[in-house]
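Dropping structure-v9.txt in here (compact mmCIF, C-alpha atoms and all ligand atoms):
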```txt
# COMPACT_ATOMS: atom_id res chain seq x y z
CA MET A 1 0.00 0.00 0.00
CA ALA A 2 1.23 3.51 -0.79
CA ASN A 3 2.41 5.66 2.07
CA PRO A 4 0.01 8.36 3.22
CA SER A 5 0.72 11.67 1.53
CA LEU A 6 1.57 15.03 3.07
CA LEU A 7 1.73 18.36 1.28
CA ILE A 8 3.95 20.90 3.02
CA LEU A 9 3.17 24.55 2.41
CA ALA A 10 5.77 26.34 4.52
CA GLY A 11 4.69 29.82 3.40
CA ASP A 12 6.25 33.04 4.63
CA GLY A 13 8.27 34.51 7.47
CA ILE A 14 9.26 31.92 10.05
CA GLY A 15 7.10 29.30 8.26
CA PRO A 16 10.00 27.71 6.34
CA GLU A 17 12.32 27.68 9.38
CA VAL A 18 9.91 25.96 11.70
CA MET A 19 8.79 23.60 8.94
CA ASP A 20 12.42 22.48 8.43
CA GLU A 21 12.30 21.06 11.94
CA VAL A 22 8.98 19.35 11.24
CA LYS A 23 10.57 17.69 8.20
CA ARG A 24 13.29 16.26 10.42
CA ILE A 25 10.65 14.95 12.82
CA ILE A 26 8.72 13.39 9.93
CA GLY A 27 11.99 11.76 8.82
CA TRP A 28 12.54 10.39 12.32
CA PHE A 29 9.13 8.70 12.40
CA GLY A 30 9.87 7.17 8.99
CA ASP A 31 13.29 5.86 10.05
CA LYS A 32 12.64 4.85 13.62
CA ARG A 33 8.96 4.02 13.79
CA GLY A 34 8.21 2.73 10.31
CA VAL A 35 5.66 5.48 9.87
CA ALA A 36 6.59 6.77 6.43
CA PHE A 37 4.92 9.55 4.46
CA ASP A 38 5.18 10.68 0.86
CA VAL A 39 6.03 14.33 1.31
CA SER A 40 5.68 16.98 -1.36
CA GLU A 41 6.13 20.72 -1.04
CA ASP A 42 4.66 23.80 -2.63
CA LEU A 43 4.15 27.52 -2.13
CA VAL A 44 1.46 29.52 -0.36
CA GLY A 45 0.96 33.14 0.67
CA GLY A 46 3.52 35.77 -0.23
CA ALA A 47 5.93 33.10 -1.46
CA ALA A 48 3.32 31.94 -3.98
CA TYR A 49 2.56 35.53 -4.92
CA ASP A 50 6.24 36.19 -5.63
CA ALA A 51 6.41 33.14 -7.89
CA HIS A 52 2.98 33.19 -9.56
CA GLY A 53 1.29 36.51 -8.82
CA VAL A 54 -1.38 34.76 -6.74
CA PRO A 55 -1.26 33.64 -3.08
CA LEU A 56 -2.27 30.09 -4.03
CA HIS A 57 -1.80 28.58 -7.47
CA ASP A 58 -4.65 26.45 -8.84
CA ASP A 59 -2.27 23.50 -9.16
CA THR A 60 -1.39 23.80 -5.47
CA MET A 61 -5.09 23.94 -4.58
CA ALA A 62 -5.64 20.78 -6.62
CA LYS A 63 -2.75 19.00 -4.86
CA ALA A 64 -4.11 20.02 -1.46
CA GLN A 65 -7.41 18.37 -2.36
CA GLU A 66 -5.67 15.10 -3.20
CA VAL A 67 -3.26 14.54 -0.32
CA ASP A 68 -4.09 12.92 2.99
CA ALA A 69 -3.09 16.02 4.93
CA VAL A 70 -1.65 19.49 4.39
CA LEU A 71 0.93 20.96 6.77
CA LEU A 72 1.01 24.74 6.62
CA GLY A 73 3.61 27.07 8.16
CA ALA A 74 2.50 30.69 8.10
CA VAL A 75 1.49 33.36 5.61
CA GLY A 76 1.95 37.12 5.35
CA GLY A 77 4.47 39.83 6.05
CA PRO A 78 4.98 43.58 5.72
CA LYS A 79 6.33 43.16 2.19
CA TYR A 80 2.80 42.28 1.10
CA ASP A 81 0.89 44.93 3.06
CA ASP A 82 0.15 47.08 0.04
CA LEU A 83 -1.01 44.32 -2.27
CA ASP A 84 -4.55 44.35 -3.53
CA PHE A 85 -6.87 42.61 -1.03
CA SER A 86 -7.68 39.83 -3.50
CA VAL A 87 -4.05 38.67 -3.70
CA LYS A 88 -2.96 39.22 -0.11
CA PRO A 89 -1.15 36.20 1.38
CA GLU A 90 -4.05 35.51 3.78
CA ARG A 91 -6.37 34.91 0.80
CA GLY A 92 -4.33 31.81 -0.04
CA LEU A 93 -4.91 30.36 3.41
CA LEU A 94 -8.60 31.26 3.39
CA ARG A 95 -9.02 29.66 -0.04
CA LEU A 96 -7.51 26.42 1.24
CA ARG A 97 -9.86 26.39 4.23
CA LYS A 98 -12.91 27.21 2.14
CA GLU A 99 -12.32 24.93 -0.85
CA MET A 100 -11.23 21.99 1.29
CA ASP A 101 -14.33 22.72 3.40
CA LEU A 102 -12.34 22.53 6.65
CA PHE A 103 -15.17 23.53 8.92
CA ALA A 104 -13.87 22.35 12.29
CA ASN A 105 -10.79 24.17 13.55
CA LEU A 106 -9.38 22.54 16.68
CA ARG A 107 -7.18 24.82 18.75
CA PRO A 108 -6.01 23.16 21.95
CA ALA A 109 -4.56 25.40 24.63
CA GLN A 110 -2.51 23.34 27.00
CA CYS A 111 -0.17 24.72 29.57
CA PHE A 112 3.02 22.70 29.85
CA ASP A 113 3.97 22.67 33.50
CA ALA A 114 7.51 23.85 32.78
CA LEU A 115 6.10 26.98 31.16
CA ALA A 116 3.42 27.92 33.69
CA ASP A 117 5.54 30.85 34.88
CA PHE A 118 5.72 32.31 31.38
CA SER A 119 2.03 32.98 31.24
CA SER A 120 0.89 36.53 31.79
CA LEU A 121 -1.39 35.03 34.44
CA LYS A 122 -0.40 33.59 37.78
CA ARG A 123 0.86 30.01 37.82
CA ASP A 124 -2.04 28.58 39.81
CA ILE A 125 -4.56 30.00 37.33
CA VAL A 126 -2.95 28.30 34.31
CA SER A 127 -1.03 25.27 35.55
CA GLY A 128 -2.67 22.10 34.29
CA LEU A 129 -4.77 24.09 31.82
CA ASP A 130 -6.15 21.93 29.01
CA ILE A 131 -8.87 23.45 26.89
CA MET A 132 -9.94 22.83 23.32
CA ILE A 133 -11.42 25.61 21.23
CA VAL A 134 -13.46 24.43 18.27
CA ARG A 135 -13.75 27.31 15.85
CA GLU A 136 -16.13 27.17 12.87
CA LEU A 137 -13.79 27.89 9.98
CA THR A 138 -15.61 28.09 6.65
CA SER A 139 -18.44 30.53 7.17
CA GLY A 140 -19.54 33.53 9.21
CA VAL A 141 -18.24 37.02 8.63
CA TYR A 142 -15.04 35.73 7.00
CA PHE A 143 -16.98 34.59 3.94
CA GLY A 144 -20.50 36.07 4.17
CA GLU A 145 -21.98 38.03 1.26
CA PRO A 146 -22.54 40.86 0.56
CA ARG A 147 -19.11 42.20 1.34
CA GLY A 148 -16.92 44.99 0.04
CA ILE A 149 -16.35 48.71 0.11
CA HIS A 150 -18.77 50.83 -1.91
CA MET A 151 -19.93 54.46 -2.20
CA GLU A 152 -23.14 55.74 -0.67
CA GLU A 153 -23.92 59.42 -0.94
CA ASN A 154 -20.29 60.34 -1.51
CA MET A 155 -19.18 58.31 1.45
CA ARG A 156 -17.31 55.01 1.51
CA VAL A 157 -19.13 52.19 3.26
CA GLY A 158 -17.46 48.93 4.32
CA VAL A 159 -19.67 45.86 4.50
CA ASN A 160 -19.18 42.33 5.81
CA THR A 161 -21.92 39.89 6.57
CA GLN A 162 -22.22 37.48 9.47
CA ARG A 163 -24.20 34.62 7.99
CA TYR A 164 -24.68 31.09 9.29
CA THR A 165 -26.97 28.33 8.11
CA GLU A 166 -28.20 25.84 10.65
CA ALA A 167 -26.35 23.08 8.80
CA GLU A 168 -23.07 24.96 9.23
CA ILE A 169 -23.66 25.52 12.93
CA GLU A 170 -24.74 21.92 13.38
CA ARG A 171 -21.78 20.16 11.79
CA GLY A 172 -19.30 22.18 13.83
CA ALA A 173 -21.36 21.53 16.95
CA ARG A 174 -21.23 17.78 16.31
CA ALA A 175 -17.45 17.94 16.00
CA ALA A 176 -17.31 19.83 19.30
CA PHE A 177 -19.65 17.43 21.11
CA GLU A 178 -17.67 14.44 19.79
CA LEU A 179 -14.47 15.93 21.20
CA ALA A 180 -16.16 16.71 24.49
CA MET A 181 -17.21 13.03 24.72
CA LYS A 182 -13.53 12.03 24.53
CA ARG A 183 -12.52 14.60 27.13
CA ASP A 184 -14.18 15.93 30.27
CA LYS A 185 -17.67 15.98 28.69
CA ARG A 186 -18.22 19.70 29.11
CA LEU A 187 -19.00 22.05 26.24
CA CYS A 188 -19.41 25.81 26.39
CA SER A 189 -20.88 27.47 23.31
CA MET A 190 -20.05 31.15 22.80
CA GLU A 191 -21.92 33.71 20.69
CA LYS A 192 -23.58 37.09 21.05
CA ALA A 193 -27.22 36.04 21.14
CA ASN A 194 -27.95 39.27 23.02
CA VAL A 195 -27.22 41.37 19.94
CA MET A 196 -27.04 39.07 16.89
CA GLU A 197 -29.76 36.98 15.27
CA SER A 198 -27.08 34.60 14.02
CA GLY A 199 -26.17 34.18 17.69
CA ILE A 200 -29.75 33.30 18.58
CA LEU A 201 -29.77 30.67 15.84
CA TRP A 202 -26.35 29.43 17.01
CA ARG A 203 -27.64 28.91 20.55
CA ASP A 204 -30.81 27.15 19.31
CA VAL A 205 -28.97 24.78 17.00
CA VAL A 206 -26.30 23.86 19.55
CA THR A 207 -29.07 23.16 22.06
CA GLU A 208 -30.83 20.91 19.52
CA VAL A 209 -27.64 18.95 18.78
CA HIS A 210 -27.17 18.49 22.52
CA ALA A 211 -30.12 16.08 22.50
CA ASP A 212 -27.82 13.57 20.78
CA TYR A 213 -25.12 14.01 23.43
CA PRO A 214 -26.99 13.92 26.74
CA GLU A 215 -23.84 12.94 28.63
CA VAL A 216 -22.19 16.24 27.77
CA GLU A 217 -22.85 19.16 30.09
CA LEU A 218 -23.68 22.10 27.81
CA SER A 219 -23.46 25.75 28.78
CA HIS A 220 -23.83 28.97 26.78
CA MET A 221 -21.90 32.17 27.24
CA TYR A 222 -21.78 35.53 25.48
CA ALA A 223 -18.45 35.73 23.71
CA ASP A 224 -17.36 38.92 25.47
CA ASN A 225 -17.94 37.28 28.83
CA GLY A 226 -16.10 34.26 27.43
CA ALA A 227 -13.04 36.41 26.76
CA MET A 228 -13.19 37.73 30.29
CA GLN A 229 -13.65 34.25 31.80
CA LEU A 230 -10.72 32.94 29.76
CA VAL A 231 -8.37 35.31 31.53
CA ARG A 232 -10.18 35.19 34.89
CA ALA A 233 -10.54 31.44 35.40
CA PRO A 234 -9.60 29.51 32.25
CA LYS A 235 -9.67 26.08 33.88
CA GLN A 236 -13.48 26.25 34.11
CA PHE A 237 -13.53 25.30 30.40
CA ASP A 238 -13.15 21.95 28.69
CA VAL A 239 -14.35 22.38 25.07
CA ILE A 240 -15.44 25.75 23.69
CA TYR A 241 -17.44 25.95 20.46
CA THR A 242 -17.65 29.29 18.71
CA ASP A 243 -17.88 31.00 15.33
CA ASN A 244 -15.17 31.96 12.88
CA LEU A 245 -14.44 35.50 14.09
CA PHE A 246 -14.98 34.97 17.82
CA GLY A 247 -12.88 31.82 17.52
CA ASP A 248 -10.05 33.75 15.91
CA ILE A 249 -9.98 36.23 18.76
CA LEU A 250 -10.65 33.85 21.65
CA SER A 251 -7.98 31.43 20.46
CA ASP A 252 -5.27 34.11 20.47
CA CYS A 253 -6.38 34.97 23.97
CA ALA A 254 -6.26 31.31 25.04
CA ALA A 255 -2.87 30.90 23.40
CA MET A 256 -1.31 33.53 25.58
CA LEU A 257 -2.50 31.73 28.71
CA THR A 258 -0.08 28.96 27.89
CA GLY A 259 2.95 31.21 27.97
CA SER A 260 3.77 31.74 24.31
CA LEU A 261 2.00 31.88 20.98
CA GLY A 262 4.93 29.78 19.79
CA MET A 263 3.46 26.70 21.48
CA LEU A 264 0.00 26.36 19.98
CA PRO A 265 -0.89 23.93 17.19
CA SER A 266 -4.15 23.59 15.30
CA ALA A 267 -6.01 21.13 13.15
CA SER A 268 -8.59 22.09 10.55
CA LEU A 269 -10.81 19.17 9.66
CA GLY A 270 -13.44 18.62 7.00
CA VAL A 271 -15.64 15.79 5.85
CA PRO A 272 -14.19 12.29 5.34
CA MET A 273 -12.55 11.48 2.01
CA GLU A 274 -12.97 8.16 0.19
CA ASN A 275 -10.26 6.57 2.33
CA GLY A 276 -12.17 7.55 5.46
CA ARG A 277 -9.70 10.21 6.55
CA PRO A 278 -11.08 13.70 7.07
CA LYS A 279 -9.84 16.40 4.72
CA ALA A 280 -7.28 18.08 6.91
CA MET A 281 -4.79 20.88 7.28
CA TYR A 282 -2.49 21.37 10.26
CA GLU A 283 -0.91 24.69 11.12
CA PRO A 284 0.59 26.52 14.08
CA VAL A 285 -1.61 29.29 15.48
CA HIS A 286 1.28 31.77 15.45
CA GLY A 287 1.74 33.88 12.36
CA SER A 288 4.72 34.54 10.13
CA ALA A 289 6.52 36.67 12.80
CA PRO A 290 8.36 38.84 10.24
CA ASP A 291 10.31 40.58 13.01
CA ILE A 292 12.33 37.43 13.69
CA ALA A 293 12.04 35.65 10.33
CA GLY A 294 15.23 34.30 8.81
CA GLN A 295 17.21 34.55 12.03
CA GLY A 296 16.89 30.95 13.11
CA LYS A 297 15.40 31.81 16.47
CA ALA A 298 11.75 30.96 16.02
CA ASN A 299 10.18 28.35 18.27
CA PRO A 300 9.34 25.29 16.13
CA ILE A 301 7.18 23.63 18.81
CA ALA A 302 3.76 24.87 17.61
CA CYS A 303 4.48 23.55 14.15
CA ILE A 304 5.81 20.24 15.48
CA LEU A 305 2.76 19.88 17.74
CA SER A 306 0.63 20.48 14.65
CA PHE A 307 2.28 17.44 13.07
CA ALA A 308 1.45 15.54 16.27
CA MET A 309 -2.18 16.50 15.71
CA ALA A 310 -1.88 15.14 12.16
CA LEU A 311 -0.63 11.82 13.53
CA ARG A 312 -3.62 11.72 15.87
CA TYR A 313 -6.49 13.06 13.75
CA SER A 314 -5.54 12.04 10.20
CA PHE A 315 -3.53 8.86 10.66
CA ASP A 316 -4.99 7.32 13.79
CA LEU A 317 -1.51 7.20 15.34
CA GLY A 318 -2.45 8.49 18.76
CA ALA A 319 0.36 6.59 20.48
CA GLU A 320 2.98 8.17 18.19
CA ALA A 321 1.40 11.59 18.77
CA ASP A 322 1.67 10.95 22.52
CA ARG A 323 5.33 10.02 22.03
CA LEU A 324 6.04 13.29 20.21
CA GLU A 325 4.14 15.39 22.74
CA ALA A 326 5.94 13.65 25.61
CA ALA A 327 9.30 14.39 23.95
CA ILE A 328 8.40 18.07 23.81
CA GLU A 329 7.24 18.06 27.40
CA LYS A 330 10.53 16.39 28.37
CA VAL A 331 12.80 18.94 26.67
CA LEU A 332 10.83 21.80 28.21
CA ALA A 333 11.05 20.20 31.63
CA ASP A 334 14.81 19.84 31.08
CA GLY A 335 14.99 23.59 30.47
CA ALA A 336 15.23 23.82 26.66
CA ARG A 337 14.04 27.29 25.68
CA THR A 338 13.83 29.28 22.49
CA GLY A 339 13.91 33.08 22.71
CA ASP A 340 10.14 33.44 23.14
CA LEU A 341 10.37 31.27 26.25
CA MET A 342 13.07 33.19 28.08
CA GLY A 343 12.08 34.38 31.52
CA PRO A 344 13.38 37.47 33.28
CA GLU A 345 16.31 35.41 34.59
CA GLY A 346 17.60 35.24 31.02
CA GLY A 347 20.02 32.60 29.77
CA THR A 348 21.07 31.59 26.29
CA PRO A 349 18.15 30.73 24.06
CA LEU A 350 18.28 27.75 21.75
CA SER A 351 18.07 28.31 18.02
CA THR A 352 15.24 26.80 16.00
CA THR A 353 17.52 23.95 14.92
CA GLN A 354 18.86 23.35 18.42
CA MET A 355 15.29 23.00 19.70
CA GLY A 356 14.70 20.52 16.87
CA ASP A 357 17.87 18.63 17.93
CA ALA A 358 16.69 18.50 21.53
CA ILE A 359 13.30 17.09 20.53
CA LEU A 360 14.90 14.50 18.23
CA GLY A 361 17.16 13.53 21.13
CA ALA A 362 14.18 13.05 23.41
CA LEU A 363 12.47 10.99 20.72
CA ASP A 364 15.53 8.75 20.45
CA ALA A 365 15.51 8.38 24.21
CA SER A 366 11.86 7.31 24.06
CA LEU A 367 12.68 4.14 22.09
C1 LIG B 1 -5.65 32.53 12.27
C2 LIG B 1 -5.17 33.73 11.53
C3 LIG B 1 -5.91 33.84 10.20
C4 LIG B 1 -7.38 34.05 10.53
C5 LIG B 1 -5.39 34.91 9.25
C6 LIG B 1 -3.92 34.75 8.97
C7 LIG B 1 -6.18 34.93 7.97
O1 LIG B 1 -5.30 34.87 12.32
O2 LIG B 1 -5.57 31.41 11.71
O3 LIG B 1 -6.07 32.67 13.41
O4 LIG B 1 -7.83 35.18 10.74
O5 LIG B 1 -8.10 33.05 10.56
MG MG B 2 -5.88 34.46 14.31
```
I'd like the structure from this file rewritten - as structure tokens, please.
Amino acid sequence: MANPSLLILAGDGIGPEVMDEVKRIIGWFGDKRGVAFDVSEDLVGGAAYDAHGVPLHDDTMAKAQEVDAVLLGAVGGPKYDDLDFSVKPERGLLRLRKEMDLFANLRPAQCFDALADFSSLKRDIVSGLDIMIVRELTSGVYFGEPRGIHMEENMRVGVNTQRYTEAEIERGARAAFELAMKRDKRLCSMEKANVMESGILWRDVVTEVHADYPEVELSHMYADNGAMQLVRAPKQFDVIYTDNLFGDILSDCAAMLTGSLGMLPSASLGVPMENGRPKAMYEPVHGSAPDIAGQGKANPIACILSFAMALRYSFDLGAEADRLEAAIEKVLADGARTGDLMGPEGGTPLSTTQMGDAILGALDASL
């Protein structure tokens, strides 16, 4: 049987640097665990724009539809700030999400014990934190029509539309309930039903889906209160289900609880393909970090943890994912730190490659 296929789209900024470490990890699993992948690579974002004049070439889109999973680094950078909106690097990423129909975006926020002091919150508020944000990723205000900037009575008007069908809300809700069933069986749905009709529908549909998951304790929260609760007492949450825009914002907030944006992976999952695997793309939550790009100091952990999510959610290799996550936990416990993880006491940060070396060493030690 052919090996499962991976398409790597490293993208812009620190994307290529952190993805280099992921490639070494992929190689390790092939050599040492007999878990081999057919890996191909292509361009996305500004890198694709530089080569083709578009942030995602049609051929790349077609490849992404065919492979078993896409691994994405990051897109964007100041070089592309003045480009026309339609060819901005982010459009490439959004096209992938939309055309692959990756409706369920899983963003786990876990606080590694060794990093609890790096959080902007006190240790006891974040230590042991383990929450999963499920963000609806293919609809809402990111894609709703009408949209655009037009003239009205000599004045420019900007329009975006928050639009959700019940089917869209429902399929994301099912993904969230399924995850809750495998975790602590608590789901908190967040919207703004106090001001938005789409929020009222959201709350109704999630409540209807709940009937199929009676074991899960469901609660509802206005998203603004949710943001406040996330920084007040984040451990009250198990799984959070929310829309595309609120999910974008709340997940950045949750990321910071864990100490560094450089630690957070994500999985974007769609409907099952013929081989039973969900359409899937894995990417770190951090962006392209242009301020440190090309200097070899970016933290590769979020991107490596995204590959761990691929092992778990696309390839049913939960034990290998555990092995990789444990290796990361081990190097952090042993004091390995990239620049983003330096405390006030300072010290010499590891380079991106040195962090990769440390994780490979811990993987070897795990055999
Ligand atoms: C994210 C990012 C993207 C988003 C950008 C890069 C388009 O912020 O994945 O959270 O807004 O979804
Ligand atoms: Mg974001």
Residues within 7 Å of range 59-66 of chain A, all atoms listed in the file, excluding chain neighbours under 5 positions, as a VMD selection string
chain A and resid 7 42 96 100
List every residue of chain A that has an atom at most 7 Å from any atom of ligand LIG 1 (chain B), giving for each one its closest atom pair and the distance in Å to one decimal, counting only C-alpha atoms and all ligand atoms, sorted by chain and then by ascending residue number, as CSV.
```
residue,atom,partner,partner_atom,distance
A:Val75,CA,B:LIG1,C6,6.5
A:Glu90,CA,B:LIG1,C7,4.7
A:Leu93,CA,B:LIG1,C7,6.6
A:Leu94,CA,B:LIG1,C7,6.3
A:Asp248,CA,B:LIG1,O3,4.8
A:Val285,CA,B:LIG1,O2,5.9
A:Gly287,CA,B:LIG1,C6,6.7
```
Do you know which residues are at most 8 Å from Leu102 in chain A counting only C-alpha atoms, after dropping those on the same chain fewer than 4 positions away, and could you put them as a count of residues only?
11
Answer as a ChimeraX atom specification, residues within 12 Å of (12.7, 27.6, 18.8) using all atoms listed in the file
/A:14,17-22,260-263,292-293,295-304,328,331-332,336-342,348-359
Please identify the residues whose atoms come within 9 Å of ligand MG 2 (chain B), using all atoms listed in the file, and report them as a list in words.
Leu245, Gly247, Asp248, Ile249, Leu250, Ser251, Asp252, Val285, His286 and Gly287 of chain A
Two-atom distance - CA of Trp28 in chain A, CA of Asn105 in chain A (Å)
27.1 Å
Excluding Arg203 in chain A and any residue of its chain fewer than 3 positions from it, enumerate the residues within 12 Å of it, using only C-alpha atoms, and give them as a PyMOL selection string.
chain A and resi 164+166+169-170+173+188-194+196-200+206-210+218-223+241-243
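Distances to Phe29 in chain A were evaluated for A:Val134, A:Ala233, A:Lys330, A:Leu324 using all atoms listed in the file, and the minimum falls at A:Leu324.
The smallest atom-to-atom distance between Leu317 in chain A and any of A:Ala211, A:Ala362, A:Leu6, A:Val35, using only C-alpha atoms, is found for A:Val35.
Atom to atom, CA of Ala289 in chain A and CA of Gly13 in chain A stand 6.0 Å apart.
Reported to one decimal place, the separation of CA of Glu325 in chain A from CA of Ala308 in chain A is 7.0 Å.
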Any idea what's packed within 8 Å of Glu215 in chain A, counting only C-alpha atoms, ignoring anything in its chain fewer than 2 positions away? Could you give it as a PyMOL selection string?
chain A and resi 181+185+213+217
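Using only C-alpha atoms for every distance, the candidate list A:Ala167, A:Ala10, A:Ala310, A:Ala180 yields A:Ala310 as the residue closest to Arg277 in chain A.
Using only C-alpha atoms for every distance, the candidate list A:Phe112, A:Tyr49, A:Phe315, A:Phe85 yields A:Phe112 as the residue closest to Gly259 in chain A.
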Counting all atoms listed in the file, what is within 8 Å of Gly77 in chain A, bar same-chain residues fewer than 4 positions away, as a PyMOL selection string?
chain A and resi 12-13+46+81+288-290
Quick one: axis-aligned box around all listed atoms of range 306-323 of chain A, 6 Å on every side, centre and edge lengths in Å to one decimal, written as lines of an AutoDock Vina configuration file.
```
center_x = -0.6
center_y = 13.5
center_z = 16.4
size_x = 23.8
size_y = 25.9
size_z = 24.3
```
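Residue nearest Phe307 in chain A within the list A:Met228, A:Ile8, A:Leu121, A:Ala255: A:Ile8 [criterion: smallest interatomic distance, only C-alpha atoms].
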With distances taken over only C-alpha atoms, which residue among A:Val159, A:Ala254, A:Val205, A:Ala176 lies nearest Glu145 in chain A?
A:Val159
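With distances taken from (5.9, 31.3, 32.3) and restricted to only C-alpha atoms, the residues inside 10 Å are Cys111, Phe112, Asp113, Ala114, Leu115, Ala116, Asp117, Phe118, Ser119, Ser120, Leu121, Lys122, Arg123, Val126, Ser127, Leu257, Thr258, Gly259, Ser260, Leu341, Met342, Gly343 and Pro344 of chain A.
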Hey, could you patch up range 94-108 of chain A with N, CA, C and O atoms and hand it over as a compact mmCIF listing (two decimals), in the coordinates of the input?
```txt
# COMPACT_ATOMS: atom_id res chain seq x y z
N LEU A 94 -7.14 31.31 3.29
CA LEU A 94 -8.60 31.26 3.39
C LEU A 94 -9.19 30.43 2.25
O LEU A 94 -10.18 29.72 2.42
N ARG A 95 -8.54 30.48 1.08
CA ARG A 95 -9.02 29.66 -0.04
C ARG A 95 -8.86 28.17 0.27
O ARG A 95 -9.75 27.36 0.00
N LEU A 96 -7.72 27.82 0.85
CA LEU A 96 -7.51 26.42 1.24
C LEU A 96 -8.61 25.96 2.20
O LEU A 96 -9.23 24.91 2.03
N ARG A 97 -8.84 26.77 3.24
CA ARG A 97 -9.86 26.39 4.23
C ARG A 97 -11.22 26.23 3.58
O ARG A 97 -11.95 25.28 3.86
N LYS A 98 -11.58 27.20 2.72
CA LYS A 98 -12.91 27.21 2.14
C LYS A 98 -13.09 26.06 1.13
O LYS A 98 -14.05 25.31 1.20
N GLU A 99 -12.12 25.93 0.20
CA GLU A 99 -12.32 24.93 -0.85
C GLU A 99 -12.14 23.50 -0.35
O GLU A 99 -12.72 22.56 -0.88
N MET A 100 -11.34 23.33 0.69
CA MET A 100 -11.23 21.99 1.29
C MET A 100 -12.38 21.76 2.27
O MET A 100 -12.53 20.67 2.80
N ASP A 101 -13.16 22.81 2.52
CA ASP A 101 -14.33 22.72 3.40
C ASP A 101 -13.92 22.26 4.81
O ASP A 101 -14.53 21.37 5.39
N LEU A 102 -12.89 22.91 5.34
CA LEU A 102 -12.34 22.53 6.65
C LEU A 102 -13.12 23.28 7.74
O LEU A 102 -12.69 24.32 8.22
N PHE A 103 -14.25 22.75 8.09
CA PHE A 103 -15.17 23.53 8.92
C PHE A 103 -14.85 23.48 10.41
O PHE A 103 -15.26 24.36 11.15
N ALA A 104 -14.12 22.47 10.84
CA ALA A 104 -13.87 22.35 12.29
C ALA A 104 -12.40 22.63 12.60
O ALA A 104 -11.52 21.85 12.25
N ASN A 105 -12.15 23.75 13.21
CA ASN A 105 -10.79 24.17 13.55
C ASN A 105 -10.54 23.90 15.03
O ASN A 105 -11.15 24.53 15.89
N LEU A 106 -9.67 22.94 15.30
CA LEU A 106 -9.38 22.54 16.68
C LEU A 106 -8.15 23.28 17.15
O LEU A 106 -7.06 23.13 16.58
N ARG A 107 -8.31 24.07 18.21
CA ARG A 107 -7.18 24.82 18.75
C ARG A 107 -7.02 24.50 20.23
O ARG A 107 -7.66 25.12 21.09
N PRO A 108 -6.20 23.52 20.54
CA PRO A 108 -6.01 23.16 21.95
C PRO A 108 -5.10 24.16 22.64
O PRO A 108 -4.09 24.58 22.07
```
